[in-house]
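The file upload-v7.cif contains mmCIF, C-alpha atoms:
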```cif
data_my_file
loop_
_atom_site.label_atom_id
_atom_site.label_comp_id
_atom_site.auth_asym_id
_atom_site.auth_seq_id
_atom_site.Cartn_x
_atom_site.Cartn_y
_atom_site.Cartn_z
CA MET A 1 18.69 22.62 -9.38
CA LYS A 2 15.00 23.13 -10.19
CA THR A 3 12.38 20.91 -8.60
CA VAL A 4 9.57 19.82 -10.90
CA ILE A 5 6.31 18.01 -10.10
CA VAL A 6 4.66 16.15 -12.97
CA THR A 7 1.14 14.87 -12.32
CA GLY A 8 0.03 11.81 -14.25
CA GLY A 9 3.68 11.15 -14.99
CA SER A 10 3.70 7.39 -15.47
CA LYS A 11 2.27 7.12 -18.99
CA GLY A 12 2.07 8.86 -22.35
CA ILE A 13 2.90 12.55 -22.42
CA GLY A 14 3.65 12.57 -18.69
CA LYS A 15 6.18 9.77 -19.01
CA SER A 16 7.96 11.61 -21.81
CA ILE A 17 8.06 14.79 -19.73
CA VAL A 18 9.49 12.96 -16.71
CA CYS A 19 12.19 11.17 -18.69
CA GLY A 20 13.19 14.23 -20.71
CA LEU A 21 13.43 16.57 -17.72
CA ALA A 22 15.21 13.99 -15.55
CA LYS A 23 17.91 13.77 -18.20
CA LYS A 24 18.23 17.56 -18.05
CA GLY A 25 19.22 17.23 -14.41
CA TYR A 26 16.09 18.53 -12.68
CA ASN A 27 14.74 17.14 -9.41
CA ILE A 28 11.65 15.28 -10.63
CA VAL A 29 8.66 14.14 -8.60
CA LEU A 30 6.53 11.78 -10.67
CA ASN A 31 2.96 11.73 -9.41
CA TYR A 32 0.76 8.75 -10.20
CA ASN A 33 -2.56 7.49 -8.91
CA LYS A 34 -3.20 3.90 -10.05
CA SER A 35 -0.16 3.17 -12.25
CA LYS A 36 2.29 2.15 -9.52
CA GLU A 37 4.05 -0.54 -11.54
CA GLU A 38 4.63 1.83 -14.46
CA ALA A 39 5.95 4.55 -12.13
CA ILE A 40 8.39 2.16 -10.44
CA LEU A 41 9.58 0.90 -13.83
CA ILE A 42 10.32 4.44 -15.02
CA GLN A 43 12.18 5.14 -11.79
CA LYS A 44 14.29 1.99 -12.19
CA LYS A 45 15.09 2.63 -15.87
CA LEU A 46 16.19 6.18 -15.16
CA LYS A 47 18.26 5.02 -12.19
CA ASN A 48 20.06 2.55 -14.47
CA CYS A 49 20.94 5.53 -16.69
CA GLY A 50 22.25 7.53 -13.74
CA PHE A 51 19.18 9.67 -13.07
CA TYR A 52 17.15 9.71 -9.85
CA ILE A 53 13.46 10.63 -9.60
CA ASP A 54 10.94 10.55 -6.77
CA ILE A 55 7.57 8.87 -7.23
CA PHE A 56 4.53 9.78 -5.16
CA GLN A 57 1.05 8.27 -5.19
CA ALA A 58 -1.81 10.75 -4.94
CA ASP A 59 -5.24 11.17 -6.48
CA VAL A 60 -4.88 14.80 -7.54
CA SER A 61 -8.65 15.26 -7.59
CA LYS A 62 -8.51 14.90 -3.77
CA LYS A 63 -7.25 17.99 -1.91
CA ASN A 64 -5.96 16.12 1.15
CA GLN A 65 -3.84 13.79 -1.00
CA VAL A 66 -2.45 16.73 -2.98
CA ASP A 67 -1.58 18.56 0.25
CA ASP A 68 0.30 15.48 1.49
CA MET A 69 2.28 15.31 -1.75
CA ILE A 70 3.21 18.98 -1.71
CA LYS A 71 4.27 18.76 1.94
CA TYR A 72 6.53 15.83 1.05
CA VAL A 73 8.15 17.76 -1.79
CA ILE A 74 8.68 20.93 0.25
CA ASP A 75 10.07 18.97 3.21
CA LYS A 76 12.58 17.25 0.93
CA TYR A 77 13.49 19.98 -1.57
CA ASN A 78 12.39 23.16 0.24
CA LYS A 79 11.33 24.90 -2.97
CA ILE A 80 8.99 23.96 -5.83
CA ASP A 81 10.01 25.61 -9.10
CA VAL A 82 7.70 24.00 -11.65
CA LEU A 83 4.32 22.29 -11.55
CA ILE A 84 3.17 20.43 -14.66
CA ASN A 85 -0.51 19.54 -14.52
CA ASN A 86 -0.72 16.61 -16.90
CA ALA A 87 -3.04 14.15 -15.11
CA GLY A 88 -6.23 13.46 -17.01
CA ILE A 89 -8.72 10.99 -18.42
CA SER A 90 -10.81 10.87 -21.58
CA GLN A 91 -14.03 9.22 -22.69
CA ILE A 92 -15.84 9.07 -26.01
CA LYS A 93 -19.58 9.10 -25.41
CA PRO A 94 -22.61 10.92 -26.87
CA PHE A 95 -23.66 13.80 -24.64
CA MET A 96 -27.12 12.37 -23.95
CA ASP A 97 -25.54 9.14 -22.69
CA ILE A 98 -23.11 10.78 -20.25
CA LYS A 99 -24.11 9.91 -16.69
CA GLU A 100 -23.84 12.48 -13.93
CA ASP A 101 -21.10 10.57 -12.15
CA GLU A 102 -19.11 10.34 -15.42
CA TRP A 103 -19.42 14.10 -15.86
CA ASP A 104 -18.34 14.76 -12.28
CA ASN A 105 -15.42 12.35 -12.51
CA MET A 106 -14.16 13.99 -15.72
CA ILE A 107 -14.31 17.48 -14.22
CA ASP A 108 -12.74 16.35 -10.94
CA ILE A 109 -9.77 14.58 -12.49
CA ASN A 110 -9.11 16.93 -15.41
CA LEU A 111 -10.01 20.34 -13.96
CA LYS A 112 -10.46 20.28 -10.20
CA SER A 113 -7.04 18.63 -9.96
CA VAL A 114 -5.49 21.72 -11.57
CA TYR A 115 -7.12 23.87 -8.88
CA ASN A 116 -5.93 21.56 -6.11
CA THR A 117 -2.32 21.31 -7.21
CA SER A 118 -1.92 24.93 -8.27
CA LYS A 119 -3.29 26.27 -5.01
CA ALA A 120 -1.09 23.91 -3.02
CA VAL A 121 2.17 24.92 -4.75
CA LEU A 122 1.44 28.64 -4.98
CA SER A 123 2.04 29.29 -1.28
CA ASN A 124 5.60 28.07 -1.81
CA MET A 125 6.07 29.93 -5.10
CA LEU A 126 4.72 33.18 -3.64
CA LYS A 127 7.20 32.87 -0.78
CA TYR A 128 10.08 32.96 -3.26
CA LYS A 129 8.39 35.29 -5.79
CA GLU A 130 9.03 32.94 -8.69
CA GLY A 131 7.68 29.79 -10.23
CA LEU A 132 6.08 28.20 -13.27
CA ILE A 133 2.84 26.28 -13.73
CA ILE A 134 2.22 24.46 -17.03
CA ASN A 135 -1.24 23.03 -17.65
CA ILE A 136 -1.82 20.39 -20.32
CA SER A 137 -5.09 21.11 -22.11
CA SER A 138 -6.10 19.76 -25.54
CA ILE A 139 -7.09 20.85 -29.02
CA TRP A 140 -10.61 19.84 -27.97
CA GLY A 141 -10.52 22.52 -25.31
CA ILE A 142 -10.15 25.04 -28.14
CA ILE A 143 -12.41 23.70 -30.90
CA GLY A 144 -14.56 21.12 -29.08
CA ALA A 145 -15.12 17.47 -29.97
CA SER A 146 -18.37 15.75 -30.82
CA CYS A 147 -19.11 12.91 -28.40
CA GLU A 148 -16.54 14.32 -25.97
CA VAL A 149 -18.46 17.22 -24.45
CA HIS A 150 -17.37 16.52 -20.87
CA TYR A 151 -13.73 16.10 -21.91
CA SER A 152 -13.81 19.23 -24.09
CA THR A 153 -15.42 21.20 -21.26
CA SER A 154 -12.74 20.16 -18.78
CA LYS A 155 -9.95 21.09 -21.18
CA ALA A 156 -11.58 24.42 -22.08
CA GLY A 157 -11.79 25.14 -18.36
CA ILE A 158 -8.04 24.60 -18.08
CA ILE A 159 -7.50 27.25 -20.75
CA GLY A 160 -9.60 29.83 -18.91
CA PHE A 161 -7.92 28.91 -15.63
CA THR A 162 -4.47 29.33 -17.16
CA LYS A 163 -5.11 32.78 -18.62
CA ALA A 164 -6.82 34.14 -15.51
CA LEU A 165 -4.21 32.81 -13.07
CA ALA A 166 -1.39 34.15 -15.26
CA LYS A 167 -2.82 37.66 -14.94
CA GLU A 168 -3.18 37.32 -11.19
CA MET A 169 0.26 35.82 -10.56
CA GLY A 170 2.26 37.91 -13.03
CA PRO A 171 3.12 40.65 -10.51
CA SER A 172 4.61 37.95 -8.27
CA ASN A 173 6.89 36.74 -11.09
CA ILE A 174 4.99 33.45 -11.37
CA ARG A 175 4.28 32.33 -14.93
CA VAL A 176 1.31 30.19 -15.93
CA ASN A 177 1.08 28.66 -19.39
CA GLY A 178 -0.81 25.91 -21.14
CA ILE A 179 -0.15 23.44 -23.92
CA ALA A 180 -2.94 22.19 -26.17
CA PRO A 181 -1.78 19.00 -27.91
CA GLY A 182 -3.48 17.65 -30.98
CA ILE A 183 -3.55 13.90 -31.52
CA ILE A 184 -0.50 12.40 -29.87
CA ASP A 185 0.70 8.81 -30.10
CA THR A 186 -0.21 7.66 -26.58
CA ASP A 187 -2.32 4.97 -24.94
CA MET A 188 -5.16 7.49 -24.63
CA ASN A 189 -5.64 7.30 -28.40
CA LYS A 190 -5.11 3.54 -28.80
CA GLU A 191 -8.89 3.04 -29.06
CA LEU A 192 -8.84 4.77 -32.44
CA ASN A 193 -8.56 2.35 -35.36
CA ASP A 194 -6.42 2.85 -38.47
CA GLU A 195 -9.29 4.33 -40.50
CA GLU A 196 -10.12 6.85 -37.77
CA ILE A 197 -6.45 7.83 -37.52
CA LYS A 198 -6.30 8.29 -41.30
CA GLN A 199 -9.38 10.52 -41.24
CA ILE A 200 -7.77 12.71 -38.60
CA VAL A 201 -4.40 12.87 -40.36
CA ASP A 202 -6.17 13.98 -43.55
CA HIS A 203 -7.15 17.18 -41.69
CA ILE A 204 -3.68 17.88 -40.26
CA PRO A 205 -1.53 20.15 -42.46
CA LEU A 206 1.66 18.32 -41.45
CA GLU A 207 -0.06 15.01 -42.31
CA LYS A 208 1.08 13.08 -39.24
CA ILE A 209 0.21 12.54 -35.61
CA GLY A 210 2.45 13.88 -32.88
CA ASN A 211 4.98 12.25 -30.56
CA PRO A 212 4.98 12.88 -26.79
CA GLU A 213 8.53 14.21 -27.15
CA TYR A 214 7.15 17.25 -29.00
CA ILE A 215 5.32 18.28 -25.82
CA GLU A 216 8.33 17.63 -23.63
CA LYS A 217 10.57 19.83 -25.81
CA CYS A 218 8.10 22.69 -25.50
CA ILE A 219 8.10 22.29 -21.73
CA GLU A 220 11.90 22.42 -21.67
CA TRP A 221 11.69 25.76 -23.45
CA LEU A 222 9.01 27.13 -21.13
CA ILE A 223 11.13 26.24 -18.10
CA GLU A 224 14.15 28.06 -19.52
CA ASP A 225 12.10 31.05 -20.71
CA GLU A 226 11.47 34.06 -18.46
CA TYR A 227 8.96 36.19 -20.36
CA THR A 228 6.10 33.98 -21.55
CA THR A 229 2.92 33.75 -19.52
CA GLY A 230 -0.80 33.31 -20.09
CA GLN A 231 -0.22 31.51 -23.37
CA ILE A 232 -1.87 28.38 -24.73
CA ILE A 233 0.60 26.77 -27.11
CA SER A 234 -1.00 24.49 -29.69
CA ILE A 235 1.18 21.53 -30.67
CA ASP A 236 -1.11 19.91 -33.21
CA GLY A 237 0.56 19.86 -36.61
CA GLY A 238 -1.65 22.76 -37.68
CA TRP A 239 -4.87 20.83 -37.07
CA GLY A 240 -6.47 23.67 -35.13
CA ILE A 241 -5.74 26.42 -37.67
CA ASN A 242 -8.92 28.43 -38.27
#
```
Would it be possible to restate this file's structure as structure tokens?
Amino acid sequence: MKTVIVTGGSKGIGKSIVCGLAKKGYNIVLNYNKSKEEAILIQKKLKNCGFYIDIFQADVSKKNQVDDMIKYVIDKYNKIDVLINNAGISQIKPFMDIKEDEWDNMIDINLKSVYNTSKAVLSNMLKYKEGLIINISSIWGIIGASCEVHYSTSKAGIIGFTKALAKEMGPSNIRVNGIAPGIIDTDMNKELNDEEIKQIVDHIPLEKIGNPEYIEKCIEWLIEDEYTTGQIISIDGGWGIN
């Protein structure tokens, strides 16, 4: 039975990942920071369907809180098989208006968290000479987004992190991959109005926005796979085709 940690697992893509993998029979640890009510609700709904998950509060941008979470998981399950770095925030703001604390907060939550969690689980994965880390980036990490320079930078950093760590961990049979979603139907994109959505869809070859389940299905495959590492998989309806 594989043990899987999902950061930012109480909403959007993370929620879909947690629910999908729980129904596959994995041991799931849903990490949340501020969304306690949502996390408890997911836990209760899955329990009613016969599936148990753990929930654990931790700000993954804080190393000491991450270390406490990883210790809890190892003490309970002994072995961590999969880490899914999904926690993140976004903000639409012209570059010249971005305050220093907004920049730092974006980098801490979206990128430093990936460093914190990956380093914390790797000691356990290296012990067993196997494991999988999946980092959720974004199409904006590949092509960049106007008025989202700090967000795009954080997501581009995840891509570089993923490729470099995959090379370093490959000889230890630890795979590291990334997923770069396009526009997905989650709360993060609720601030976009119908006209803005239409303008985006007009540039997507498949002419539709994505569902969180598309990301979860890809993760299911990556967990079952044994020979894919260092890849950034774009799930964007063809939006990012050059």
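Neighbouring residues of segment 218-220 of chain A at 9 Å or closer, counting all atoms listed in the file and skipping chain neighbours under 4 positions away, are Ile17, Gly20, Leu21, Lys24, Ile84, Ile134, Ile179, Glu213, Tyr214, Glu224, Asp225, Ile233 and Ile235 of chain A.
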Exercise. Neighbours of Ala180 of chain A within 6 Å (all atoms listed in the file; same-chain residues fewer than 6 positions away dropped), as a ChimeraX atom specification?
Worked result: /A:137-139,233-234
For this session: Within 10 Å of Ile80 of chain A, counting all atoms listed in the file, which residues show up once you throw out same-chain ones fewer than 5 positions away? Write them as a VMD selection string, please.
Result: chain A and resid 2 to 5 27 70 73 to 74 121 to 125 128 130 to 132
For this session: Taking (-5.6, 23.6, -35.9) in the file's own coordinates, collect the residues within 9 Å, counting all atoms listed in the file, and hand them back as a list in words.
Result: Ile139, Ile143, Gly182, His203, Ile204, Pro205, Ser234, Ile235, Asp236, Gly237, Gly238, Trp239, Gly240, Ile241 and Asn242 of chain A
Problem set entry | Selection result of the PyMOL selection byres ((chain A and resi 36-43) around 10) on this file, as a PyMOL selection string | chain A and resi 8-11+15+18-19+30-35+44-48+51-57
Exercise. What is the atom CA of Asn85 of chain A to atom CA of Gly210 of chain A distance in Å?
Worked result: 19.4 Å
For this session: Apply the PyMOL selection byres ((chain A and resi 173) around 6) to the displayed file and report the matching residues as a list in words.
Result: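 Taken on the displayed file, the PyMOL selection byres ((chain A and resi 173) around 6) yields the residues Lys129, Glu130, Gly170, Pro171, Ser172 and Ile174 of chain A.
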Take the residues that were just selected and, keeping C-alpha atoms, output them as an mmCIF file, keeping the file's coordinate frame.
```
data_model
loop_
_atom_site.group_PDB
_atom_site.id
_atom_site.type_symbol
_atom_site.label_atom_id
_atom_site.label_comp_id
_atom_site.auth_asym_id
_atom_site.auth_seq_id
_atom_site.Cartn_x
_atom_site.Cartn_y
_atom_site.Cartn_z
ATOM 1 C CA LYS A 129 8.390 35.290 -5.790
ATOM 2 C CA GLU A 130 9.030 32.940 -8.690
ATOM 3 C CA GLY A 170 2.260 37.910 -13.030
ATOM 4 C CA PRO A 171 3.120 40.650 -10.510
ATOM 5 C CA SER A 172 4.610 37.950 -8.270
ATOM 6 C CA ILE A 174 4.990 33.450 -11.370
#
```
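Coordinates place atom CA of Met96 of chain A at a distance of 27.7 Å from atom CA of Val60 of chain A.
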Exercise. Pick the closest to Leu165 of chain A from A:Asn64, A:Asn116, A:Thr186, A:Thr229: which is it, counting all atoms listed in the file?
Worked result: A:Thr229
How would segment 94-117 of chain A read, as a short mmCIF file (atom, residue, chain, number, x, y, z; two decimals), in the coordinates of the input, once N, CA and C atoms are built in?
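Saved file part37.cif follows:
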```
data_model
loop_
_atom_site.label_atom_id
_atom_site.label_comp_id
_atom_site.auth_asym_id
_atom_site.auth_seq_id
_atom_site.Cartn_x
_atom_site.Cartn_y
_atom_site.Cartn_z
N PRO A 94 -21.64 9.88 -26.51
CA PRO A 94 -22.61 10.92 -26.87
C PRO A 94 -23.09 11.67 -25.63
N PHE A 95 -23.31 12.96 -25.78
CA PHE A 95 -23.66 13.80 -24.64
C PHE A 95 -24.88 13.27 -23.88
N MET A 96 -25.90 12.83 -24.60
CA MET A 96 -27.12 12.37 -23.95
C MET A 96 -26.94 11.06 -23.19
N ASP A 97 -25.82 10.39 -23.41
CA ASP A 97 -25.54 9.14 -22.69
C ASP A 97 -24.60 9.32 -21.50
N ILE A 98 -24.05 10.53 -21.35
CA ILE A 98 -23.11 10.78 -20.25
C ILE A 98 -23.87 10.81 -18.93
N LYS A 99 -23.48 9.94 -18.01
CA LYS A 99 -24.11 9.91 -16.69
C LYS A 99 -23.52 11.01 -15.81
N GLU A 100 -24.28 11.40 -14.80
CA GLU A 100 -23.84 12.48 -13.93
C GLU A 100 -22.51 12.16 -13.25
N ASP A 101 -22.35 10.91 -12.82
CA ASP A 101 -21.10 10.57 -12.15
C ASP A 101 -19.92 10.57 -13.13
N GLU A 102 -20.17 10.27 -14.40
CA GLU A 102 -19.11 10.34 -15.42
C GLU A 102 -18.70 11.79 -15.67
N TRP A 103 -19.70 12.66 -15.71
CA TRP A 103 -19.42 14.10 -15.86
C TRP A 103 -18.58 14.60 -14.68
N ASP A 104 -19.04 14.29 -13.48
CA ASP A 104 -18.34 14.76 -12.28
C ASP A 104 -16.92 14.22 -12.21
N ASN A 105 -16.75 12.96 -12.55
CA ASN A 105 -15.42 12.35 -12.51
C ASN A 105 -14.47 13.01 -13.50
N MET A 106 -14.98 13.32 -14.70
CA MET A 106 -14.16 13.99 -15.72
C MET A 106 -13.71 15.37 -15.24
N ILE A 107 -14.64 16.14 -14.70
CA ILE A 107 -14.31 17.48 -14.22
C ILE A 107 -13.37 17.42 -13.02
N ASP A 108 -13.60 16.48 -12.12
CA ASP A 108 -12.74 16.35 -10.94
C ASP A 108 -11.30 16.03 -11.31
N ILE A 109 -11.12 15.04 -12.16
CA ILE A 109 -9.77 14.58 -12.49
C ILE A 109 -9.05 15.55 -13.42
N ASN A 110 -9.77 16.08 -14.42
CA ASN A 110 -9.11 16.93 -15.41
C ASN A 110 -9.00 18.39 -15.01
N LEU A 111 -9.98 18.90 -14.25
CA LEU A 111 -10.01 20.34 -13.96
C LEU A 111 -9.84 20.66 -12.48
N LYS A 112 -10.61 20.00 -11.63
CA LYS A 112 -10.46 20.28 -10.20
C LYS A 112 -9.04 19.97 -9.72
N SER A 113 -8.41 18.97 -10.33
CA SER A 113 -7.04 18.63 -9.96
C SER A 113 -6.09 19.80 -10.19
N VAL A 114 -6.34 20.56 -11.25
CA VAL A 114 -5.49 21.72 -11.57
C VAL A 114 -5.65 22.79 -10.49
N TYR A 115 -6.87 22.96 -10.01
CA TYR A 115 -7.12 23.87 -8.88
C TYR A 115 -6.39 23.39 -7.64
N ASN A 116 -6.54 22.10 -7.33
CA ASN A 116 -5.93 21.56 -6.11
C ASN A 116 -4.42 21.71 -6.10
N THR A 117 -3.78 21.29 -7.17
CA THR A 117 -2.32 21.31 -7.21
C THR A 117 -1.78 22.73 -7.29
#
```
